[in-house]
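Q: One file is attached below, run.cif, containing mmCIF, C-alpha atoms and all ligand atoms.
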data_target
loop_
_atom_site.label_atom_id
_atom_site.label_comp_id
_atom_site.auth_asym_id
_atom_site.auth_seq_id
_atom_site.Cartn_x
_atom_site.Cartn_y
_atom_site.Cartn_z
CA MET D 1241 65.14 -62.60 -46.42
CA ASN D 1242 63.98 -59.62 -48.43
CA PHE D 1243 65.27 -56.37 -46.87
CA ALA D 1244 61.76 -54.83 -46.91
CA ILE D 1245 60.49 -57.68 -44.72
CA GLN D 1246 63.48 -57.95 -42.38
CA HIS D 1247 62.73 -54.70 -40.59
CA SER D 1248 58.96 -54.69 -41.05
CA ALA D 1249 56.26 -54.92 -38.39
CA LEU D 1250 54.70 -57.52 -40.70
CA ARG D 1251 57.53 -59.98 -40.25
CA ASP D 1252 55.36 -62.39 -38.22
CA LEU D 1253 52.94 -62.61 -41.15
CA HIS D 1254 55.84 -63.27 -43.49
CA ASP D 1255 56.94 -66.12 -41.22
CA LYS D 1256 53.39 -67.48 -41.17
CA VAL D 1257 53.20 -67.46 -44.97
CA VAL D 1258 56.62 -69.09 -45.32
CA ALA D 1259 55.52 -71.82 -42.89
CA GLY D 1260 52.43 -72.43 -45.02
CA GLU D 1261 50.02 -71.32 -42.30
CA ARG D 1262 46.71 -69.84 -43.38
CA LEU D 1263 46.21 -66.13 -42.66
CA SER D 1264 43.29 -65.20 -40.42
CA ASP D 1265 40.76 -62.45 -41.09
CA ALA D 1266 42.63 -60.31 -38.54
CA ASP D 1267 45.88 -60.90 -40.43
CA ALA D 1268 44.24 -59.82 -43.68
CA LEU D 1269 42.94 -56.66 -42.04
CA ARG D 1270 46.41 -55.83 -40.73
CA LEU D 1271 47.79 -56.19 -44.25
CA PHE D 1272 45.01 -54.01 -45.68
CA GLU D 1273 45.72 -51.34 -43.03
CA SER D 1274 49.50 -51.44 -43.45
CA LYS D 1275 51.31 -48.52 -45.06
CA ASP D 1276 54.35 -50.74 -45.57
CA ILE D 1277 53.54 -51.49 -49.21
CA ASN D 1278 57.00 -52.85 -49.94
CA ALA D 1279 56.76 -55.46 -47.20
CA VAL D 1280 53.18 -56.44 -48.14
CA GLY D 1281 54.25 -56.72 -51.77
CA ALA D 1282 57.38 -58.72 -50.96
CA ILE D 1283 55.43 -61.28 -48.92
CA ALA D 1284 52.82 -61.57 -51.69
CA ASP D 1285 55.56 -61.93 -54.30
CA PHE D 1286 57.03 -64.82 -52.31
CA ALA D 1287 53.59 -66.51 -52.18
CA ARG D 1288 53.07 -65.91 -55.91
CA GLN D 1289 56.42 -67.39 -56.79
CA ARG D 1290 55.78 -70.45 -54.65
CA LYS D 1291 52.34 -70.99 -56.18
CA VAL D 1292 52.95 -70.41 -59.90
CA GLY D 1293 56.70 -69.98 -60.37
CA ASN D 1294 58.10 -67.51 -62.82
CA ARG D 1295 55.28 -67.43 -65.34
CA ALA D 1296 52.73 -64.66 -65.90
CA SER D 1297 49.81 -65.10 -68.24
CA TYR D 1298 47.46 -63.25 -70.56
CA ILE D 1299 44.64 -64.38 -72.83
CA LEU D 1300 43.64 -63.47 -76.36
CA ASN D 1301 39.95 -62.75 -75.88
CA ARG D 1302 37.13 -60.55 -77.06
CA TYR D 1303 34.39 -59.01 -74.97
CA ILE D 1304 30.88 -58.91 -76.40
CA ASN D 1305 28.00 -57.26 -74.58
CA TYR D 1306 24.81 -58.56 -76.19
CA SER D 1307 22.78 -55.70 -74.69
CA ASN D 1308 22.96 -52.97 -72.06
CA TYR D 1309 19.21 -52.95 -71.38
CA CYS D 1310 18.59 -53.95 -67.79
CA ILE D 1311 15.53 -54.24 -65.58
CA LEU D 1312 17.66 -53.36 -62.52
CA SER D 1313 19.24 -50.02 -61.65
CA CYS D 1314 22.28 -50.78 -59.50
CA GLN D 1315 23.50 -47.45 -58.12
CA PHE D 1316 27.16 -48.05 -59.08
CA CYS D 1317 26.38 -49.12 -62.65
CA SER D 1318 27.21 -46.79 -65.56
CA PHE D 1319 26.46 -49.41 -68.19
CA ALA D 1320 22.76 -50.22 -67.91
CA ARG D 1321 20.11 -48.44 -69.94
CA LYS D 1322 16.33 -48.48 -70.20
CA LYS D 1323 14.46 -48.95 -73.46
CA ARG D 1324 13.69 -45.21 -73.55
CA ASP D 1325 17.40 -44.29 -73.55
CA ALA D 1326 18.97 -43.27 -76.85
CA ASP D 1327 22.23 -45.11 -76.21
CA GLY D 1328 20.71 -48.47 -75.34
CA PHE D 1329 21.62 -51.36 -77.62
CA GLU D 1330 21.01 -55.03 -78.23
CA LEU D 1331 22.70 -57.31 -80.72
CA THR D 1332 21.19 -59.97 -82.89
CA ILE D 1333 22.83 -63.37 -82.78
CA GLU D 1334 24.04 -62.78 -86.34
CA GLN D 1335 25.78 -59.56 -85.23
CA MET D 1336 27.46 -61.44 -82.41
CA VAL D 1337 28.63 -64.19 -84.72
CA GLN D 1338 30.06 -61.53 -87.04
CA LYS D 1339 32.00 -59.88 -84.18
CA ALA D 1340 33.24 -63.28 -83.06
CA ARG D 1341 34.33 -64.24 -86.55
CA GLU D 1342 36.33 -60.99 -86.90
CA ALA D 1343 38.01 -61.67 -83.55
CA LEU D 1344 38.87 -65.24 -84.51
CA ALA D 1345 40.92 -63.74 -87.31
CA LEU D 1346 43.00 -62.07 -84.56
CA GLY D 1347 43.62 -65.44 -82.90
CA ILE D 1348 41.35 -65.11 -79.88
CA THR D 1349 40.58 -68.26 -77.92
CA GLU D 1350 37.82 -66.86 -75.70
CA LEU D 1351 34.62 -64.88 -76.02
CA HIS D 1352 33.65 -63.15 -72.78
CA ILE D 1353 29.95 -62.36 -72.97
CA VAL D 1354 27.78 -60.50 -70.47
CA GLY D 1355 24.88 -58.09 -70.63
CA GLY D 1356 22.17 -56.48 -68.55
CA LEU D 1357 19.03 -58.32 -67.42
CA HIS D 1358 17.16 -57.76 -70.65
CA PRO D 1359 13.44 -57.01 -70.20
CA SER D 1360 12.10 -59.10 -73.07
CA LEU D 1361 14.63 -61.44 -74.75
CA PRO D 1362 13.46 -65.05 -74.27
CA PHE D 1363 15.57 -67.89 -72.83
CA SER D 1364 15.87 -69.34 -76.35
CA TYR D 1365 17.91 -66.25 -77.41
CA TYR D 1366 20.68 -67.18 -74.96
CA VAL D 1367 20.65 -70.87 -75.88
CA ASP D 1368 20.68 -70.09 -79.60
CA MET D 1369 23.50 -67.55 -79.05
CA LEU D 1370 25.68 -70.20 -77.37
CA LYS D 1371 24.91 -72.75 -80.08
CA ALA D 1372 25.70 -70.30 -82.90
CA LEU D 1373 28.97 -69.17 -81.32
CA SER D 1374 30.14 -72.64 -80.43
CA ALA D 1375 29.40 -73.72 -84.02
CA LEU D 1376 32.25 -71.36 -85.02
CA ASN D 1377 34.59 -74.08 -83.83
CA SER D 1378 33.97 -75.82 -87.12
CA GLU D 1379 35.64 -72.83 -88.84
CA ILE D 1380 38.79 -73.00 -86.73
CA GLY D 1381 41.66 -74.15 -88.84
CA ASN D 1382 40.14 -72.40 -91.86
CA ARG D 1383 41.94 -69.41 -93.21
CA GLN D 1384 39.43 -67.04 -91.51
CA SER D 1385 40.74 -68.07 -88.11
CA ALA D 1386 44.16 -67.37 -86.62
CA ILE D 1387 43.52 -69.62 -83.63
CA GLY D 1388 46.05 -72.44 -83.33
CA ASN D 1389 45.36 -75.99 -84.38
CA GLY D 1390 43.83 -78.07 -81.64
CA GLN D 1391 42.59 -75.00 -79.73
CA ARG D 1392 38.84 -74.52 -79.26
CA LEU D 1393 37.05 -71.21 -79.02
CA GLN D 1394 35.90 -71.08 -75.40
CA LEU D 1395 32.71 -69.33 -74.30
CA LYS D 1396 32.96 -67.58 -70.95
CA CYS D 1397 29.54 -66.08 -70.41
CA PHE D 1398 27.10 -64.64 -67.90
CA THR D 1399 27.38 -63.36 -64.36
CA ALA D 1400 25.56 -65.08 -61.51
CA ILE D 1401 22.70 -62.55 -61.63
CA GLU D 1402 22.25 -63.22 -65.35
CA VAL D 1403 22.05 -66.95 -64.61
CA LEU D 1404 19.33 -66.27 -62.03
CA HIS D 1405 17.51 -64.12 -64.61
CA LEU D 1406 17.78 -66.87 -67.23
CA ALA D 1407 16.49 -69.47 -64.75
CA TRP D 1408 13.52 -67.19 -64.09
CA LEU D 1409 12.92 -66.83 -67.84
CA ALA D 1410 13.22 -70.58 -68.38
CA LYS D 1411 11.05 -71.29 -65.31
CA LYS D 1412 13.61 -73.90 -64.30
CA SER D 1413 15.98 -74.45 -61.40
CA VAL D 1414 19.43 -72.86 -61.52
CA GLU D 1415 20.92 -76.33 -61.88
CA GLN D 1416 18.70 -77.29 -64.84
CA THR D 1417 19.31 -73.89 -66.46
CA LEU D 1418 23.06 -74.31 -66.15
CA ILE D 1419 22.86 -77.84 -67.58
CA GLU D 1420 21.00 -76.49 -70.63
CA LEU D 1421 23.46 -73.62 -71.10
CA LYS D 1422 26.37 -76.04 -70.79
CA THR D 1423 24.82 -78.37 -73.36
CA ALA D 1424 24.44 -75.39 -75.71
CA GLY D 1425 28.16 -74.56 -75.44
CA LEU D 1426 28.84 -72.63 -72.23
CA ASP D 1427 32.41 -73.34 -71.06
CA SER D 1428 32.80 -71.07 -68.04
CA LEU D 1429 30.84 -68.56 -65.99
CA THR D 1430 32.30 -65.09 -65.58
CA GLY D 1431 33.02 -63.76 -62.09
CA GLY D 1432 31.17 -60.47 -62.48
CA GLY D 1433 28.47 -59.25 -60.15
CA ALA D 1434 30.11 -60.16 -56.84
CA GLU D 1435 30.63 -56.44 -56.02
CA ILE D 1436 30.94 -56.47 -52.20
CA PHE D 1437 29.08 -59.23 -50.39
CA ARG D 1438 28.32 -57.43 -47.10
CA LYS D 1439 24.56 -56.80 -47.13
CA GLU D 1440 24.68 -53.15 -46.04
CA VAL D 1441 27.23 -52.23 -48.72
CA ARG D 1442 25.40 -54.25 -51.35
CA SER D 1443 22.18 -52.35 -50.61
CA ALA D 1444 24.04 -49.05 -50.95
CA ILE D 1445 25.62 -49.82 -54.32
CA ALA D 1446 23.49 -52.53 -55.94
CA LYS D 1447 20.04 -52.57 -54.41
CA GLY D 1448 17.88 -55.30 -55.91
CA LYS D 1449 20.78 -57.39 -57.09
CA GLU D 1450 21.15 -60.99 -55.98
CA SER D 1451 22.39 -61.61 -52.45
CA ALA D 1452 25.86 -62.90 -51.62
CA GLU D 1453 24.34 -66.29 -50.88
CA GLU D 1454 22.67 -66.38 -54.31
CA TYR D 1455 25.90 -65.36 -56.08
CA LEU D 1456 27.84 -68.04 -54.26
CA ASP D 1457 25.14 -70.65 -54.81
CA VAL D 1458 25.11 -70.12 -58.59
CA HIS D 1459 28.88 -70.70 -58.65
CA ARG D 1460 28.59 -73.64 -56.22
CA THR D 1461 25.99 -75.28 -58.48
CA TRP D 1462 28.11 -74.67 -61.58
CA HIS D 1463 31.18 -76.13 -59.87
CA ARG D 1464 29.18 -79.21 -58.79
CA LEU D 1465 28.27 -79.74 -62.46
CA GLY D 1466 31.99 -79.85 -63.23
CA GLY D 1467 32.18 -76.24 -64.38
CA ARG D 1468 34.85 -73.70 -63.52
CA SER D 1469 34.52 -69.96 -63.06
CA THR D 1470 36.35 -66.88 -61.89
CA CYS D 1471 35.24 -64.50 -59.15
CA THR D 1472 35.66 -60.80 -58.47
CA MET D 1473 35.47 -58.02 -55.89
CA LEU D 1474 34.58 -54.43 -56.77
CA PHE D 1475 36.61 -52.33 -54.32
CA GLY D 1476 37.39 -48.72 -53.55
CA HIS D 1477 33.91 -47.18 -53.18
CA VAL D 1478 31.90 -47.03 -49.94
CA GLU D 1479 33.05 -50.31 -48.42
CA LYS D 1480 35.29 -50.58 -45.35
CA LEU D 1481 38.45 -52.67 -45.30
CA GLU D 1482 36.61 -55.13 -43.02
CA ASP D 1483 34.05 -55.60 -45.81
CA ARG D 1484 36.82 -56.57 -48.22
CA VAL D 1485 38.08 -59.17 -45.74
CA HIS D 1486 34.54 -60.50 -45.27
CA HIS D 1487 34.15 -60.72 -49.07
CA LEU D 1488 37.41 -62.61 -49.49
CA SER D 1489 36.52 -64.93 -46.61
CA LEU D 1490 33.31 -66.07 -48.37
CA LEU D 1491 35.21 -66.72 -51.60
CA ARG D 1492 37.93 -68.65 -49.77
CA ALA D 1493 35.32 -70.77 -47.99
CA LEU D 1494 33.55 -71.67 -51.26
CA GLN D 1495 36.89 -72.49 -52.88
CA ASP D 1496 37.68 -74.82 -49.96
CA GLU D 1497 34.36 -76.52 -50.65
CA THR D 1498 34.40 -76.82 -54.48
CA HIS D 1499 37.89 -75.93 -55.80
CA GLY D 1500 35.98 -74.60 -58.81
CA PHE D 1501 37.40 -71.08 -59.06
CA THR D 1502 40.21 -70.76 -61.58
CA GLY D 1503 41.21 -67.26 -60.53
CA PHE D 1504 40.32 -64.09 -58.66
CA VAL D 1505 40.00 -60.68 -60.32
CA PRO D 1506 39.92 -57.61 -58.02
CA LEU D 1507 38.14 -54.80 -59.86
CA PRO D 1508 39.03 -51.20 -58.92
CA TYR D 1509 35.89 -49.07 -58.81
CA GLN D 1510 35.44 -46.45 -61.57
CA PRO D 1511 33.52 -43.42 -60.30
CA GLU D 1512 31.98 -41.68 -63.34
CA ASN D 1513 28.37 -41.60 -64.54
CA ASN D 1514 26.70 -43.30 -61.61
CA ASP D 1515 24.94 -42.50 -58.34
CA ILE D 1516 27.66 -43.42 -55.82
CA PRO D 1517 29.02 -40.35 -53.98
CA VAL D 1518 32.66 -41.29 -54.55
CA ARG D 1519 34.58 -39.16 -56.99
CA VAL D 1520 38.09 -40.56 -56.78
CA PRO D 1521 38.92 -44.08 -57.92
CA PRO D 1522 41.14 -46.24 -55.69
CA THR D 1523 44.76 -45.08 -55.65
CA GLY D 1524 47.62 -47.07 -57.12
CA PHE D 1525 48.79 -47.82 -53.58
CA ASP D 1526 45.39 -49.26 -52.65
CA GLN D 1527 45.18 -51.29 -55.84
CA LEU D 1528 48.60 -52.87 -55.35
CA ARG D 1529 47.90 -53.60 -51.70
CA THR D 1530 44.54 -55.20 -52.55
CA ILE D 1531 46.17 -57.47 -55.11
CA ALA D 1532 48.84 -58.43 -52.57
CA VAL D 1533 46.36 -59.17 -49.76
CA SER D 1534 44.25 -61.20 -52.19
CA ARG D 1535 47.25 -63.33 -53.09
CA LEU D 1536 48.12 -63.88 -49.44
CA TYR D 1537 44.66 -64.47 -47.99
CA LEU D 1538 43.26 -66.53 -50.91
CA ASP D 1539 45.80 -69.28 -50.37
CA ASN D 1540 43.58 -71.78 -52.20
CA PHE D 1541 43.52 -69.77 -55.44
CA ASP D 1542 46.18 -70.31 -58.10
CA HIS D 1543 45.71 -67.14 -60.09
CA ILE D 1544 45.28 -63.47 -59.19
CA THR D 1545 44.62 -61.08 -62.07
CA ALA D 1546 45.79 -57.49 -62.39
CA TYR D 1547 42.88 -56.23 -64.52
CA TRP D 1548 44.53 -53.74 -66.86
CA VAL D 1549 41.19 -52.23 -67.95
CA GLY D 1550 40.65 -50.86 -64.45
CA MET D 1551 44.29 -50.39 -63.41
CA GLY D 1552 45.92 -49.38 -66.66
CA LEU D 1553 48.63 -51.62 -68.09
CA LYS D 1554 51.45 -49.71 -66.37
CA LEU D 1555 50.14 -50.34 -62.86
CA ALA D 1556 49.03 -53.87 -63.79
CA GLN D 1557 52.62 -54.55 -64.83
CA VAL D 1558 53.89 -53.39 -61.42
CA ALA D 1559 51.24 -55.60 -59.78
CA LEU D 1560 53.09 -58.61 -61.21
CA SER D 1561 55.59 -57.94 -58.39
CA TYR D 1562 52.79 -57.60 -55.80
CA GLY D 1563 51.18 -61.03 -56.08
CA ALA D 1564 49.48 -60.96 -59.49
CA ASP D 1565 50.36 -63.55 -62.11
CA ASP D 1566 47.90 -62.65 -64.86
CA LEU D 1567 47.14 -59.53 -66.93
CA HIS D 1568 43.79 -60.67 -68.35
CA GLY D 1569 43.23 -60.19 -72.06
CA THR D 1570 43.19 -58.33 -75.33
CA ILE D 1571 39.43 -57.62 -74.87
CA VAL D 1572 39.06 -55.63 -78.18
CA GLU D 1573 35.90 -53.72 -77.16
CA GLU D 1574 35.09 -52.87 -73.55
CA HIS D 1575 31.96 -50.97 -72.46
CA ILE D 1576 31.33 -51.51 -68.76
CA PHE D 1577 34.47 -49.91 -67.28
CA HIS D 1578 34.79 -47.27 -69.97
CA MET D 1579 31.22 -46.04 -69.49
CA ALA D 1580 32.23 -45.62 -65.83
CA GLY D 1581 35.23 -43.50 -66.75
CA ALA D 1582 38.13 -45.91 -67.25
CA LYS D 1583 40.91 -44.09 -69.13
CA SER D 1584 42.61 -47.24 -70.40
CA PRO D 1585 42.49 -48.08 -74.13
CA GLN D 1586 39.69 -50.28 -75.52
CA LEU D 1587 42.06 -53.08 -76.39
CA GLN D 1588 45.48 -54.35 -75.58
CA THR D 1589 47.80 -55.97 -78.08
CA GLU D 1590 49.52 -59.26 -77.40
CA ALA D 1591 52.89 -57.59 -78.05
CA GLU D 1592 52.28 -54.98 -75.33
CA MET D 1593 51.32 -57.61 -72.77
CA VAL D 1594 54.27 -59.85 -73.64
CA LYS D 1595 56.60 -56.84 -73.35
CA ALA D 1596 55.10 -55.83 -69.98
CA ILE D 1597 55.47 -59.37 -68.61
CA ARG D 1598 59.04 -59.75 -69.85
CA GLU D 1599 60.08 -56.42 -68.37
CA ALA D 1600 58.67 -57.59 -65.04
CA GLY D 1601 61.08 -60.52 -65.21
CA ARG D 1602 58.47 -63.20 -65.93
CA ILE D 1603 58.01 -65.73 -68.69
CA PRO D 1604 54.99 -64.69 -70.77
CA VAL D 1605 52.37 -67.39 -71.26
CA GLN D 1606 49.33 -67.13 -73.47
CA ARG D 1607 46.63 -69.00 -71.56
CA ASP D 1608 43.17 -70.27 -72.31
CA THR D 1609 39.97 -69.71 -70.29
CA PHE D 1610 41.05 -72.33 -67.74
CA TYR D 1611 44.56 -70.87 -67.36
CA GLU D 1612 46.09 -73.73 -69.35
CA ALA D 1613 49.10 -72.68 -71.40
CA VAL D 1614 48.47 -72.19 -75.10
CA LYS D 1615 51.88 -70.69 -75.87
CA VAL D 1616 54.98 -70.16 -73.74
CA TRP D 1617 57.30 -67.38 -74.83
CA SER D 1618 60.99 -67.14 -74.14
CA SER D 1619 61.83 -64.87 -71.21
CA ASP D 1620 64.15 -62.77 -73.35
CA SER D 1621 63.07 -61.18 -76.63
CA LYS D 1622 66.72 -60.93 -77.73
CA SER D 1623 67.16 -64.69 -77.84
CA GLU D 1624 64.60 -65.11 -80.60
CA THR D 1625 62.19 -63.05 -82.64
CA ASP D 1626 59.05 -61.90 -80.85
CA ARG D 1627 56.92 -63.92 -83.19
CA MET D 1628 58.52 -67.23 -82.22
CA ALA D 1629 57.18 -69.14 -79.32
CA VAL D 1630 57.59 -72.58 -77.87
CA LYS D 1631 54.40 -74.61 -77.97
CA ALA D 1632 53.46 -75.53 -74.41
S1 LIG D 1701 25.27 -53.96 -62.61
FE1 LIG D 1701 24.32 -55.48 -63.98
S2 LIG D 1701 22.36 -55.96 -62.98
FE2 LIG D 1701 23.06 -54.00 -62.08
S3 LIG D 1701 22.11 -52.39 -63.35
FE3 LIG D 1701 24.15 -52.80 -64.21
S4 LIG D 1701 23.79 -54.30 -65.83
FE4 LIG D 1701 21.96 -54.32 -64.50
#
Could you render the structure from this file as structure tokens?
A:
Amino acid sequence: MNFAIQHSALRDLHDKVVAGERLSDADALRLFESKDINAVGAIADFARQRKVGNRASYILNRYINYSNYCILSCQFCSFARKKRDADGFELTIEQMVQKAREALALGITELHIVGGLHPSLPFSYYVDMLKALSALNSEIGNRQSAIGNGQRLQLKCFTAIEVLHLAWLAKKSVEQTLIELKTAGLDSLTGGGAEIFRKEVRSAIAKGKESAEEYLDVHRTWHRLGGRSTCTMLFGHVEKLEDRVHHLSLLRALQDETHGFTGFVPLPYQPENNDIPVRVPPTGFDQLRTIAVSRLYLDNFDHITAYWVGMGLKLAQVALSYGADDLHGTIVEEHIFHMAGAKSPQLQTEAEMVKAIREAGRIPVQRDTFYEAVKVWSSDSKSETDRMAVKA
């Protein structure tokens, strides 16, 4: 038994996890309240190892925000703009295709696309966008694309609130809207917009946004259609630790029902340029502990991401020993966290992520949107050149 656990007050929870027993909400709260970060991390590391073995993943992806115009004004949001604002933007479909084409030359396998709830773009814009971007698959294998043979470009698009907005635009049910988006090329929903589900907190940080039930129902409907998605939790603002447990409990319950979530991404709150009276982002200690509790409580999730954009790559690397098994992606151009004050770089190179994973003692794996292996690296850079990899 790990020395950190042997003498810890959390030893009963370790024994529960080892026995494969599900942690209760009270157990999760105890872990969140614990100052024994080494013990919490060691238990989570055991659970991570048992679930996914010695691999840790990353994805070559590119973010595209089609617009930051939004009809809502969530208090925590630093990204949204009104039409009168000088730094508002919206992209034409041609501009998006151009950005995507440039990223394909870098070998990306995923476009991650979200935006605000645009006041005037019609439903056809979103359908045509998906069709135009998925048509890029015909270029893969050409010399403009560095994506490997047999690998599709995958479109991970829209938060649950965007889907509700699109259904309203289309004057159709959420189910019919999702069917039409899927037919146009949508591969996966993003997990954004979950924030914190507890009603009182949601009203304080994102008044007017969809309810927890609506968020969960969009994902439930998508999963029933055979789709997969990720989910998130924005933590470290005005919520209590009990609210985090409540949030995780709703995600765990939906995963029990649909098994449609591929992974969970805890998002550390960034405090700049918004109306929330919190001036200090969550500490490293809190971020590591939140990752660890997520791994332990969400026993029906395979993958827990250490989101380097919010954490910084250095802390995300450490999180690989606290329950995380994924570092997210190359991203290329990030607006939402950086407009809220994130100090991380705009992009991450594959070499930096592979190095971080190797140093953490894991086998680096380039994954696709659905966490399937695209490329498995050796665990030791000395045994081969960094450019060589074993095809999964
Ligand atoms: S969080 Fe999303 S829905 Fe809320 S204001 Fe920002 S862009 Fe709009």
Q: For stretch 1280-1282 of chain D, find every residue with an atom within 7 Å (counting only C-alpha atoms), except residues of its own chain fewer than 2 positions away, and show them as number ranges by chain.
A: D: 1271, 1276-1278, 1284-1286, 1529, 1532, 1561-1563
Q: Atom CA of D:Ala1580 and atom CA of D:Val1478, how far apart in Å?
A: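 According to the coordinates, atom CA of D:Val1478 and atom CA of D:Ala1580 are separated by 16.0 Å.
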Q: Please identify every residue of stretch 1391-1448 of chain D that has at least one atom no farther than 12 Å from an atom of stretch 1459-1476 of chain D, counting all atoms listed in the file, and for each give the shortest atom pair and the distance in Å to one decimal, arranged by chain then increasing number, as a Markdown table.
A:
| residue | atom | partner | partner_atom | distance |
| --- | --- | --- | --- | --- |
| D:Leu1395 | CA | D:Ser1469 | CA | 11.4 |
| D:Lys1396 | CA | D:Ser1469 | CA | 8.4 |
| D:Cys1397 | CA | D:Ser1469 | CA | 9.7 |
| D:Phe1398 | CA | D:Ser1469 | CA | 10.3 |
| D:Thr1399 | CA | D:His1459 | CA | 9.4 |
| D:Ala1400 | CA | D:His1459 | CA | 7.1 |
| D:Ile1401 | CA | D:His1459 | CA | 10.7 |
| D:Val1403 | CA | D:His1459 | CA | 9.8 |
| D:Leu1404 | CA | D:His1459 | CA | 11.1 |
| D:Ser1413 | CA | D:Thr1461 | CA | 10.5 |
| D:Val1414 | CA | D:Thr1461 | CA | 7.6 |
| D:Glu1415 | CA | D:Thr1461 | CA | 6.2 |
| D:Gln1416 | CA | D:Thr1461 | CA | 9.9 |
| D:Thr1417 | CA | D:Trp1462 | CA | 10.1 |
| D:Leu1418 | CA | D:Trp1462 | CA | 6.8 |
| D:Ile1419 | CA | D:Leu1465 | CA | 7.7 |
| D:Glu1420 | CA | D:Leu1465 | CA | 11.4 |
| D:Leu1421 | CA | D:Trp1462 | CA | 10.6 |
| D:Lys1422 | CA | D:Gly1467 | CA | 8.7 |
| D:Thr1423 | CA | D:Leu1465 | CA | 11.5 |
| D:Gly1425 | CA | D:Gly1467 | CA | 11.9 |
| D:Leu1426 | CA | D:Gly1467 | CA | 9.3 |
| D:Asp1427 | CA | D:Gly1467 | CA | 7.3 |
| D:Ser1428 | CA | D:Ser1469 | CA | 5.4 |
| D:Leu1429 | CA | D:Ser1469 | CA | 4.9 |
| D:Thr1430 | CA | D:Thr1470 | CA | 5.8 |
| D:Gly1431 | CA | D:Cys1471 | CA | 3.8 |
| D:Gly1432 | CA | D:Thr1472 | CA | 6.0 |
| D:Gly1433 | CA | D:Thr1472 | CA | 7.5 |
| D:Ala1434 | CA | D:Thr1472 | CA | 5.8 |
| D:Glu1435 | CA | D:Leu1474 | CA | 4.5 |
| D:Ile1436 | CA | D:Met1473 | CA | 6.0 |
| D:Phe1437 | CA | D:Met1473 | CA | 8.5 |
| D:Arg1438 | CA | D:Met1473 | CA | 11.3 |
| D:Val1441 | CA | D:Phe1475 | CA | 10.9 |
| D:Arg1442 | CA | D:Leu1474 | CA | 10.7 |
| D:Ile1445 | CA | D:Leu1474 | CA | 10.4 |
| D:Ala1446 | CA | D:Leu1474 | CA | 11.3 |
Q: Check the smallest atom-to-atom distance from each of D:Leu1263, D:Ala1244, D:Val1354, D:Val1337 to ligand LIG 1701 (chain D) using all atoms listed in the file, then report the winner.
A: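 Checking each of D:Leu1263, D:Ala1244, D:Val1354, D:Val1337 against ligand LIG 1701 (chain D), counting all atoms listed in the file, the winner is D:Val1354.
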Q: Give the answer as one residue: which of D:Leu1555, D:Ala1372, D:Tyr1303, D:Asn1308 has the shortest atom-to-atom distance to D:Glu1334, using all atoms listed in the file?
A: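 Between D:Leu1555, D:Ala1372, D:Tyr1303, D:Asn1308, the residue approaching D:Glu1334 most closely is D:Ala1372.
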Q: List all protein, DNA and RNA residues that have any atom at most 10 Å from ligand LIG 1701 (chain D), counting only C-alpha atoms and all ligand atoms, and write the list as a PyMOL selection string.
A: chain D and resi 1307-1322+1354-1358+1399-1402+1405+1432-1435+1445-1450+1576
Q: With a distance cut-off of 12 Å and all atoms listed in the file, select the neighbouring residues of stretch 1591-1594 of chain D, excluding the residue or stretch itself and same-chain residues fewer than 4 positions from it, and output the selection as a PyMOL selection string.
A: chain D and resi 1295-1300+1546-1548+1552-1554+1556-1557+1560+1566-1570+1587+1598-1606+1615-1621+1625-1629
Q: Grab all the atoms of stretch 1306-1310 of chain D that the file lists, wrap them in a box along x, y and z, add 8 Å per side, and give me centre plus edge lengths in Å (one decimal) as JSON.
A:
{"center_x": 21.7, "center_y": -55.8, "center_z": -72.0, "size_x": 22.2, "size_y": 21.6, "size_z": 24.4}
Q: What separation in Å, quoted to one decimal, exists between atom CA of D:Val1520 and atom CA of D:Pro1508?
A: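 Going from atom CA of D:Val1520 over to atom CA of D:Pro1508 covers 10.9 Å.
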Q: Which one is closest to D:Phe1541: D:His1499, D:Lys1480, D:His1487, D:Lys1439? Count all atoms listed in the file.
A: D:His1499
Q: Once you count all atoms listed in the file, which residues end up no further than 8 Å from (44.5, -49.8, -47.5) in the file's frame, shown as a PyMOL selection string?
A: chain D and resi 1271-1275+1481+1525-1526+1529-1530
Q: So that I have them on file, write out the residues from the current selection with C-alpha atoms, as a tab-separated table (two decimals), in the coordinates of the input.
A:
chain	number	residue	atom	x	y	z
D	1271	LEU	CA	47.79	-56.19	-44.25
D	1272	PHE	CA	45.01	-54.01	-45.68
D	1273	GLU	CA	45.72	-51.34	-43.03
D	1274	SER	CA	49.50	-51.44	-43.45
D	1275	LYS	CA	51.31	-48.52	-45.06
D	1481	LEU	CA	38.45	-52.67	-45.30
D	1525	PHE	CA	48.79	-47.82	-53.58
D	1526	ASP	CA	45.39	-49.26	-52.65
D	1529	ARG	CA	47.90	-53.60	-51.70
D	1530	THR	CA	44.54	-55.20	-52.55
Q: Using all atoms listed in the file, which protein or nucleic acid residues come within 12 Å of D:Ile1387? Drop anything in the same chain fewer than 4 positions from it, and give the result as a list in words.
A: Leu1300, Asn1301, Arg1341, Glu1342, Ala1343, Leu1344, Ala1345, Leu1346, Gly1347, Ile1348, Thr1349, Glu1350, Leu1376, Asn1377, Ser1378, Glu1379, Ile1380, Gly1381, Asn1382, Arg1383, Gln1391, Arg1392, Leu1393, Gln1394, Gln1606, Asp1608, Val1614 and Lys1615 of chain D
Q: How far is it from atom CA of D:Ile1304 to atom CA of D:Lys1371, in Å with one decimal?
A: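 Distance reported for this atom pair: 15.5 Å.
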Q: Looking at D:Ile1333, D:Ser1489, D:Ile1571, D:Asn1294, which one is nearest to D:Ile1597, with distances taken over all atoms listed in the file?
A: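 Closest to D:Ile1597 of all the choices is D:Asn1294.
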